[in-house]
$ cat work36.pdb   # PDB, C-alpha atoms
ATOM      1  CA  ASP A   1      -2.127 -17.181  -5.712
ATOM      2  CA  THR A   2       1.310 -17.466  -7.306
ATOM      3  CA  GLY A   3       2.636 -14.025  -6.415
ATOM      4  CA  VAL A   4       5.422 -13.119  -4.031
ATOM      5  CA  SER A   5       4.391 -13.650  -0.422
ATOM      6  CA  GLN A   6       5.894 -12.226   2.731
ATOM      7  CA  ASP A   7       5.408 -13.179   6.339
ATOM      8  CA  PRO A   8       4.567 -11.623   8.701
ATOM      9  CA  ARG A   9       2.737  -8.638   7.255
ATOM     10  CA  HIS A  10       3.225  -6.623  10.418
ATOM     11  CA  LYS A  11       5.724  -6.924  13.252
ATOM     12  CA  ILE A  12       5.946  -4.845  16.391
ATOM     13  CA  THR A  13       8.978  -5.385  18.564
ATOM     14  CA  LYS A  14      10.898  -3.724  21.342
ATOM     15  CA  ARG A  15      14.260  -2.150  20.791
ATOM     16  CA  GLY A  16      17.040  -4.672  21.188
ATOM     17  CA  GLN A  17      15.012  -7.684  20.104
ATOM     18  CA  ASN A  18      15.792  -9.817  17.057
ATOM     19  CA  VAL A  19      13.287 -10.218  14.240
ATOM     20  CA  THR A  20      13.150 -12.445  11.181
ATOM     21  CA  PHE A  21      11.095 -11.981   8.037
ATOM     22  CA  ARG A  22      10.366 -14.518   5.347
ATOM     23  CA  CYS A  23       9.870 -14.087   1.618
ATOM     24  CA  ASP A  24       8.563 -16.720  -0.774
ATOM     25  CA  PRO A  25       9.283 -15.723  -4.370
ATOM     26  CA  ILE A  26       7.363 -16.702  -7.446
ATOM     27  CA  SER A  27       8.167 -20.292  -8.264
ATOM     28  CA  GLU A  28      11.142 -20.665 -10.609
ATOM     29  CA  HIS A  29      12.247 -17.045 -10.224
ATOM     30  CA  ASN A  30      15.949 -17.372  -9.547
ATOM     31  CA  ARG A  31      16.535 -13.754  -8.534
ATOM     32  CA  LEU A  32      15.378 -12.397  -5.206
ATOM     33  CA  TYR A  33      15.742  -8.859  -3.863
ATOM     34  CA  TRP A  34      15.184  -7.142  -0.529
ATOM     35  CA  TYR A  35      14.339  -3.447  -0.299
ATOM     36  CA  ARG A  36      13.506  -1.154   2.587
ATOM     37  CA  GLN A  37      10.976   1.668   2.368
ATOM     38  CA  THR A  38      10.661   4.347   5.020
ATOM     39  CA  LEU A  39       7.759   6.753   5.269
ATOM     40  CA  GLY A  40       7.650   9.233   2.414
ATOM     41  CA  GLN A  41      10.585   7.654   0.595
ATOM     42  CA  GLY A  42      11.023   5.286  -2.285
ATOM     43  CA  PRO A  43      12.245   1.752  -1.679
ATOM     44  CA  GLU A  44      16.002   1.375  -1.197
ATOM     45  CA  PHE A  45      17.939  -1.686  -2.290
ATOM     46  CA  LEU A  46      19.323  -3.866   0.504
ATOM     47  CA  THR A  47      20.544  -7.111  -1.035
ATOM     48  CA  TYR A  48      20.157  -9.498  -3.939
ATOM     49  CA  PHE A  49      20.354 -13.244  -4.510
ATOM     50  CA  GLN A  50      20.898 -15.221  -7.651
ATOM     51  CA  ASN A  51      19.650 -18.663  -6.645
ATOM     52  CA  GLU A  52      21.266 -19.301  -3.244
ATOM     53  CA  ALA A  53      24.219 -16.945  -3.771
ATOM     54  CA  GLN A  54      24.066 -13.496  -2.196
ATOM     55  CA  LEU A  55      25.705 -11.384  -4.883
ATOM     56  CA  GLU A  56      25.406  -7.836  -3.606
ATOM     57  CA  LYS A  57      24.770  -6.051  -0.338
ATOM     58  CA  SER A  58      24.044  -2.373   0.076
ATOM     59  CA  ARG A  59      25.989  -0.294   2.569
ATOM     60  CA  LEU A  60      22.577   0.191   4.202
ATOM     61  CA  LEU A  61      22.831  -3.420   5.338
ATOM     62  CA  SER A  62      24.746  -3.054   8.578
ATOM     63  CA  ASP A  63      26.293  -6.021  10.367
ATOM     64  CA  ARG A  64      23.058  -6.352  12.373
ATOM     65  CA  PHE A  65      21.295  -7.457   9.193
ATOM     66  CA  SER A  66      21.695 -10.858   7.622
ATOM     67  CA  ALA A  67      19.877 -12.463   4.739
ATOM     68  CA  GLU A  68      19.853 -16.016   3.526
ATOM     69  CA  ARG A  69      18.323 -17.984   0.724
ATOM     70  CA  PRO A  70      18.997 -21.630   1.409
ATOM     71  CA  LYS A  71      18.429 -23.933  -1.555
ATOM     72  CA  GLY A  72      17.596 -20.949  -3.717
ATOM     73  CA  SER A  73      13.938 -20.899  -2.789
ATOM     74  CA  PHE A  74      12.527 -18.775   0.067
ATOM     75  CA  SER A  75      14.627 -16.121   1.752
ATOM     76  CA  THR A  76      14.877 -14.794   5.290
ATOM     77  CA  LEU A  77      15.992 -11.388   6.481
ATOM     78  CA  GLU A  78      17.060 -11.163  10.116
ATOM     79  CA  ILE A  79      17.675  -7.985  12.066
ATOM     80  CA  GLN A  80      19.539  -8.380  15.336
ATOM     81  CA  ARG A  81      19.365  -5.900  18.217
ATOM     82  CA  THR A  82      16.695  -3.823  16.508
ATOM     83  CA  GLU A  83      16.817  -0.040  16.742
ATOM     84  CA  GLN A  84      14.026   2.486  16.284
ATOM     85  CA  GLY A  85      15.630   3.534  13.023
ATOM     86  CA  ASP A  86      14.931   0.061  11.645
ATOM     87  CA  SER A  87      11.198   0.834  11.586
ATOM     88  CA  ALA A  88      10.202   0.592   7.934
ATOM     89  CA  MET A  89       8.434  -1.499   5.335
ATOM     90  CA  TYR A  90      10.630  -4.367   4.150
ATOM     91  CA  LEU A  91       9.854  -5.404   0.597
ATOM     92  CA  CYS A  92      10.819  -8.538  -1.229
ATOM     93  CA  ALA A  93      10.797  -8.931  -4.998
ATOM     94  CA  SER A  94      11.646 -11.722  -7.393
ATOM     95  CA  SER A  95      12.394 -11.927 -11.077
ATOM     96  CA  PRO A  96      13.356 -14.500 -13.657
ATOM     97  CA  ASP A  97      16.666 -14.298 -15.465
ATOM     98  CA  ARG A  98      15.529 -14.470 -19.047
ATOM     99  CA  GLY A  99      16.799 -11.386 -20.771
ATOM    100  CA  ARG A 100      18.361  -7.964 -20.606
ATOM    101  CA  VAL A 101      15.679  -6.392 -18.430
ATOM    102  CA  ASN A 102      13.577  -8.572 -16.163
ATOM    103  CA  GLU A 103      10.485  -7.295 -14.402
ATOM    104  CA  GLN A 104      10.606  -7.552 -10.635
ATOM    105  CA  PHE A 105       7.421  -8.686  -8.913
ATOM    106  CA  PHE A 106       6.976  -7.266  -5.446
ATOM    107  CA  GLY A 107       5.406  -8.808  -2.391
ATOM    108  CA  PRO A 108       3.057  -6.911  -0.054
ATOM    109  CA  GLY A 109       5.845  -6.128   2.390
ATOM    110  CA  THR A 110       6.450  -6.591   6.107
ATOM    111  CA  ARG A 111       5.894  -3.477   8.174
ATOM    112  CA  LEU A 112       8.274  -3.360  11.141
ATOM    113  CA  THR A 113       7.679  -1.079  14.102
ATOM    114  CA  VAL A 114      10.395  -0.889  16.729
ATOM    115  CA  LEU A 115       9.222   0.613  20.014
TER     116      LEU A 115
ATOM    117  CA  GLY B 116      26.079   7.340  -8.073
ATOM    118  CA  ASP B 117      22.939   6.617 -10.017
ATOM    119  CA  SER B 118      19.842   8.481  -8.874
ATOM    120  CA  VAL B 119      16.294   9.450  -9.750
ATOM    121  CA  THR B 120      14.620  12.763  -8.994
ATOM    122  CA  GLN B 121      10.879  13.204  -9.336
ATOM    123  CA  MET B 122       8.520  16.031  -8.581
ATOM    124  CA  GLU B 123       7.328  16.199  -5.039
ATOM    125  CA  GLY B 124       3.706  15.765  -4.167
ATOM    126  CA  PRO B 125       1.063  15.573  -3.288
ATOM    127  CA  VAL B 126      -0.454  16.376  -6.645
ATOM    128  CA  THR B 127      -4.197  17.020  -6.580
ATOM    129  CA  LEU B 128      -6.224  17.101  -9.786
ATOM    130  CA  SER B 129      -9.852  16.959 -10.791
ATOM    131  CA  GLU B 130     -11.146  13.961 -12.697
ATOM    132  CA  GLU B 131     -10.468  14.149 -16.467
ATOM    133  CA  ALA B 132      -7.574  16.594 -15.996
ATOM    134  CA  PHE B 133      -4.237  16.135 -17.773
ATOM    135  CA  LEU B 134      -1.455  14.670 -15.659
ATOM    136  CA  THR B 135       2.290  15.165 -15.833
ATOM    137  CA  ILE B 136       4.698  13.885 -13.193
ATOM    138  CA  ASN B 137       8.257  14.937 -13.921
ATOM    139  CA  CYS B 138      11.195  12.569 -13.533
ATOM    140  CA  THR B 139      14.860  13.025 -14.307
ATOM    141  CA  TYR B 140      17.709  10.622 -13.759
ATOM    142  CA  THR B 141      21.469  10.399 -13.390
ATOM    143  CA  ALA B 142      23.167   7.212 -14.485
ATOM    144  CA  THR B 143      26.296   5.932 -16.121
ATOM    145  CA  GLY B 144      25.772   3.874 -19.201
ATOM    146  CA  TYR B 145      22.339   3.182 -20.599
ATOM    147  CA  PRO B 146      19.768   2.536 -17.887
ATOM    148  CA  SER B 147      16.322   1.064 -18.283
ATOM    149  CA  LEU B 148      13.576   3.305 -16.929
ATOM    150  CA  PHE B 149      10.363   2.439 -15.128
ATOM    151  CA  TRP B 150       7.289   3.845 -13.502
ATOM    152  CA  TYR B 151       5.901   1.836 -10.587
ATOM    153  CA  VAL B 152       2.562   2.492  -8.888
ATOM    154  CA  GLN B 153       1.451   1.735  -5.345
ATOM    155  CA  TYR B 154      -2.306   1.821  -4.830
ATOM    156  CA  PRO B 155      -3.615   2.258  -1.285
ATOM    157  CA  GLY B 156      -3.135  -0.929   0.698
ATOM    158  CA  GLU B 157      -1.437  -2.747  -2.164
ATOM    159  CA  GLY B 158       2.092  -3.677  -3.183
ATOM    160  CA  LEU B 159       4.261  -2.057  -5.821
ATOM    161  CA  GLN B 160       3.259  -2.777  -9.401
ATOM    162  CA  LEU B 161       5.118  -2.074 -12.601
ATOM    163  CA  LEU B 162       3.131   0.483 -14.607
ATOM    164  CA  LEU B 163       5.347   0.881 -17.663
ATOM    165  CA  LYS B 164       8.946   0.682 -18.794
ATOM    166  CA  ALA B 165      11.337   1.787 -21.536
ATOM    167  CA  THR B 166      14.671   0.150 -22.152
ATOM    168  CA  LYS B 167      16.391   2.447 -24.643
ATOM    169  CA  ALA B 168      16.433   6.031 -25.808
ATOM    170  CA  ASP B 169      13.279   7.293 -27.577
ATOM    171  CA  ASP B 170      11.274   4.253 -26.463
ATOM    172  CA  LYS B 171       7.780   5.051 -25.252
ATOM    173  CA  GLY B 172       6.297   2.941 -22.496
ATOM    174  CA  SER B 173       2.520   2.875 -22.144
ATOM    175  CA  ASN B 174      -0.118   1.159 -20.033
ATOM    176  CA  LYS B 175      -3.616   1.964 -18.742
ATOM    177  CA  GLY B 176      -3.600   5.296 -20.604
ATOM    178  CA  PHE B 177      -0.293   6.375 -19.047
ATOM    179  CA  GLU B 178       2.727   7.130 -21.221
ATOM    180  CA  ALA B 179       6.374   8.040 -20.706
ATOM    181  CA  THR B 180       9.132   8.590 -23.267
ATOM    182  CA  TYR B 181      12.808   7.862 -22.586
ATOM    183  CA  ARG B 182      14.611  11.128 -23.405
ATOM    184  CA  LYS B 183      18.363  10.620 -23.288
ATOM    185  CA  GLU B 184      19.194  14.198 -24.272
ATOM    186  CA  THR B 185      17.306  15.599 -21.273
ATOM    187  CA  THR B 186      17.761  12.496 -19.042
ATOM    188  CA  SER B 187      14.035  12.512 -18.413
ATOM    189  CA  PHE B 188      11.140  10.058 -18.257
ATOM    190  CA  HIS B 189       8.057  12.137 -17.489
ATOM    191  CA  LEU B 190       4.773  10.333 -16.826
ATOM    192  CA  GLU B 191       1.661  11.621 -18.603
ATOM    193  CA  LYS B 192      -2.011  10.765 -18.860
ATOM    194  CA  GLY B 193      -4.542  12.654 -20.884
ATOM    195  CA  SER B 194      -7.571  12.195 -18.614
ATOM    196  CA  VAL B 195      -7.146  10.958 -15.059
ATOM    197  CA  GLN B 196      -9.729   9.034 -13.073
ATOM    198  CA  VAL B 197     -10.409   8.793  -9.360
ATOM    199  CA  SER B 198      -9.055   5.237  -9.507
ATOM    200  CA  ASP B 199      -5.640   6.611 -10.522
ATOM    201  CA  SER B 200      -5.145   7.952  -7.002
ATOM    202  CA  ALA B 201      -1.947   6.296  -5.804
ATOM    203  CA  VAL B 202       1.757   6.877  -5.222
ATOM    204  CA  TYR B 203       3.879   6.826  -8.372
ATOM    205  CA  PHE B 204       7.598   5.980  -8.361
ATOM    206  CA  CYS B 205      10.038   6.691 -11.136
ATOM    207  CA  ALA B 206      12.909   4.200 -11.168
ATOM    208  CA  LEU B 207      15.873   2.883 -13.106
ATOM    209  CA  THR B 208      18.113  -0.114 -13.391
ATOM    210  CA  ALA B 209      21.601   0.449 -14.670
ATOM    211  CA  ASN B 210      23.267  -2.909 -14.280
ATOM    212  CA  ARG B 211      22.727  -6.431 -15.406
ATOM    213  CA  ASP B 212      21.655  -7.406 -11.898
ATOM    214  CA  ASP B 213      18.431  -5.371 -12.317
ATOM    215  CA  LYS B 214      18.807  -3.666  -8.916
ATOM    216  CA  ILE B 215      16.188  -0.912  -8.955
ATOM    217  CA  ILE B 216      16.909   2.655  -7.878
ATOM    218  CA  PHE B 217      13.695   4.480  -7.007
ATOM    219  CA  GLY B 218      12.726   8.113  -6.737
ATOM    220  CA  LYS B 219      10.987   9.309  -3.592
ATOM    221  CA  GLY B 220       7.509   8.910  -5.035
ATOM    222  CA  THR B 221       4.723  11.327  -5.922
ATOM    223  CA  ARG B 222       1.340  10.969  -4.260
ATOM    224  CA  LEU B 223      -1.530  11.677  -6.641
ATOM    225  CA  HIS B 224      -5.045  12.561  -5.478
ATOM    226  CA  ILE B 225      -7.846  12.708  -8.032
ATOM    227  CA  LEU B 226     -11.019  14.491  -6.970
ATOM    228  CA  PRO B 227     -14.393  13.469  -8.441
TER     229      PRO B 227
END
$ encode --input "work36.pdb" --output "structure tokens"
Amino acid sequence: DTGVSQDPRHKITKRGQNVTFRCDPISEHNRLYWYRQTLGQGPEFLTYFQNEAQLEKSRLLSDRFSAERPKGSFSTLEIQRTEQGDSAMYLCASSPDRGRVNEQFFGPGTRLTVL
Amino acid sequence: GDSVTQMEGPVTLSEEAFLTINCTYTATGYPSLFWYVQYPGEGLQLLLKATKADDKGSNKGFEATYRKETTSFHLEKGSVQVSDSAVYFCALTANRDDKIIFGKGTRLHILP
């Protein structure tokens, strides 16, 4: 399977704990995006990488959130001191950079539940 | 800022009925418009897209036309099937970075 993969698929944690999610994009896709989707809402943009450079961060990404993409391959999203409001589906997507409009391919998501 | 507004669901139709899901947008410049679909238990998939005014995107019997004058991108299908039951998201990208702005989604139920 050469699609976008995310790990873990589900995470349950207690408030105040740190969590880290991983995203493996489609090989050779140099753009990688993180989105967050809460129940009954559409996905909301969090951050974006072009290769290893983090080019944009949403104001939704508080200082408790950090994302990395070392070597421009997989990416990690860490949430420190989790809060109940962080409970959501975290989606990763990747795209090539080949033209004016590039289709983003989404992974299955990581569902986070903060107790 | 840029935004997408789509009709709220759930929408319930009988099989073979005609479907319209309304979507309007607000954006500076000339956005590209998309419909994404999320089937139960699956990830988001691109259904169709249109990149400039008057373009019509189509796929799997679904169609949507980019209407700049009404800032709309309504999704239509002439005869829905039970397998079309899913959540549909209207979306746009307005910048070169392709960041997607999604609507809230419309849940569609098709009854046999």
$ interface_residues --input "work36.pdb" --of "chain B" --to "chain A" --cutoff "12 Å" --atoms "only C-alpha atoms" --output "NGL selection string"
:B and (118-121 or 123-125 or 145-167 or 202-222)
$ residues_around --input "work36.pdb" --residues "segment 184-191 of chain B" --least-positions-apart "4" --cutoff "6 Å" --atoms "only C-alpha atoms" --output "JSON, numbers by chain"
{"B": [134, 135, 136, 137, 138, 139, 140, 177, 178, 179, 180]}
$ resolve_selection --input "work36.pdb" --expression "the PyMOL selection byres ((chain A and resi 29) around 8)" --output "list in words"
Pro25, Ile26, Ser27, Glu28, Asn30, Arg31, Leu32, Ser94, Ser95, Pro96 and Asp97 of chain A
$ resolve_selection --input "work36.pdb" --expression "the PyMOL selection byres ((chain A and resi 73-89) around 7)" --output "MDAnalysis selection string"
chainID A and resid 15:25 36:38 64:72 90:91 109:115
$ write_last_selection --input "work36.pdb" --atoms "C-alpha atoms" --output "PDB file, in the coordinates of the input"
ATOM      1  CA  ARG A  15      14.260  -2.150  20.791  1.00  0.00           C
ATOM      2  CA  GLY A  16      17.040  -4.672  21.188  1.00  0.00           C
ATOM      3  CA  GLN A  17      15.012  -7.684  20.104  1.00  0.00           C
ATOM      4  CA  ASN A  18      15.792  -9.817  17.057  1.00  0.00           C
ATOM      5  CA  VAL A  19      13.287 -10.218  14.240  1.00  0.00           C
ATOM      6  CA  THR A  20      13.150 -12.445  11.181  1.00  0.00           C
ATOM      7  CA  PHE A  21      11.095 -11.981   8.037  1.00  0.00           C
ATOM      8  CA  ARG A  22      10.366 -14.518   5.347  1.00  0.00           C
ATOM      9  CA  CYS A  23       9.870 -14.087   1.618  1.00  0.00           C
ATOM     10  CA  ASP A  24       8.563 -16.720  -0.774  1.00  0.00           C
ATOM     11  CA  PRO A  25       9.283 -15.723  -4.370  1.00  0.00           C
ATOM     12  CA  ARG A  36      13.506  -1.154   2.587  1.00  0.00           C
ATOM     13  CA  GLN A  37      10.976   1.668   2.368  1.00  0.00           C
ATOM     14  CA  THR A  38      10.661   4.347   5.020  1.00  0.00           C
ATOM     15  CA  ARG A  64      23.058  -6.352  12.373  1.00  0.00           C
ATOM     16  CA  PHE A  65      21.295  -7.457   9.193  1.00  0.00           C
ATOM     17  CA  SER A  66      21.695 -10.858   7.622  1.00  0.00           C
ATOM     18  CA  ALA A  67      19.877 -12.463   4.739  1.00  0.00           C
ATOM     19  CA  GLU A  68      19.853 -16.016   3.526  1.00  0.00           C
ATOM     20  CA  ARG A  69      18.323 -17.984   0.724  1.00  0.00           C
ATOM     21  CA  PRO A  70      18.997 -21.630   1.409  1.00  0.00           C
ATOM     22  CA  LYS A  71      18.429 -23.933  -1.555  1.00  0.00           C
ATOM     23  CA  GLY A  72      17.596 -20.949  -3.717  1.00  0.00           C
ATOM     24  CA  TYR A  90      10.630  -4.367   4.150  1.00  0.00           C
ATOM     25  CA  LEU A  91       9.854  -5.404   0.597  1.00  0.00           C
ATOM     26  CA  GLY A 109       5.845  -6.128   2.390  1.00  0.00           C
ATOM     27  CA  THR A 110       6.450  -6.591   6.107  1.00  0.00           C
ATOM     28  CA  ARG A 111       5.894  -3.477   8.174  1.00  0.00           C
ATOM     29  CA  LEU A 112       8.274  -3.360  11.141  1.00  0.00           C
ATOM     30  CA  THR A 113       7.679  -1.079  14.102  1.00  0.00           C
ATOM     31  CA  VAL A 114      10.395  -0.889  16.729  1.00  0.00           C
ATOM     32  CA  LEU A 115       9.222   0.613  20.014  1.00  0.00           C
TER      33      LEU A 115
END
$ atom_distance --input "work36.pdb" --atom1 "atom CA of Asp117 of chain B" --atom2 "atom CA of Arg59 of chain A"
14.7 Å
$ atom_distance --input "work36.pdb" --atom1 "atom CA of His224 of chain B" --atom2 "atom CA of Ser200 of chain B"
4.9 Å
$ residues_near_point --input "work36.pdb" --point "(-5.3, 11.8, -18.4)" --cutoff "7 Å" --atoms "all atoms listed in the file" --output "compact mmCIF listing (two decimals) with C-alpha atoms, in the coordinates of the input"
# COMPACT_ATOMS: atom_id res chain seq x y z
CA GLU B 131 -10.47 14.15 -16.47
CA ALA B 132 -7.57 16.59 -16.00
CA PHE B 133 -4.24 16.14 -17.77
CA LEU B 134 -1.46 14.67 -15.66
CA GLU B 191 1.66 11.62 -18.60
CA LYS B 192 -2.01 10.76 -18.86
CA GLY B 193 -4.54 12.65 -20.88
CA SER B 194 -7.57 12.20 -18.61
CA VAL B 195 -7.15 10.96 -15.06
$ atom_distance --input "work36.pdb" --atom1 "atom CA of Met122 of chain B" --atom2 "atom CA of Lys57 of chain A"
28.6 Å
$ closest_residue --input "work36.pdb" --among "B:Lys183, B:Ala142, B:Asp199, B:Leu226" --to "Ala168 of chain B" --atoms "only C-alpha atoms"
B:Lys183
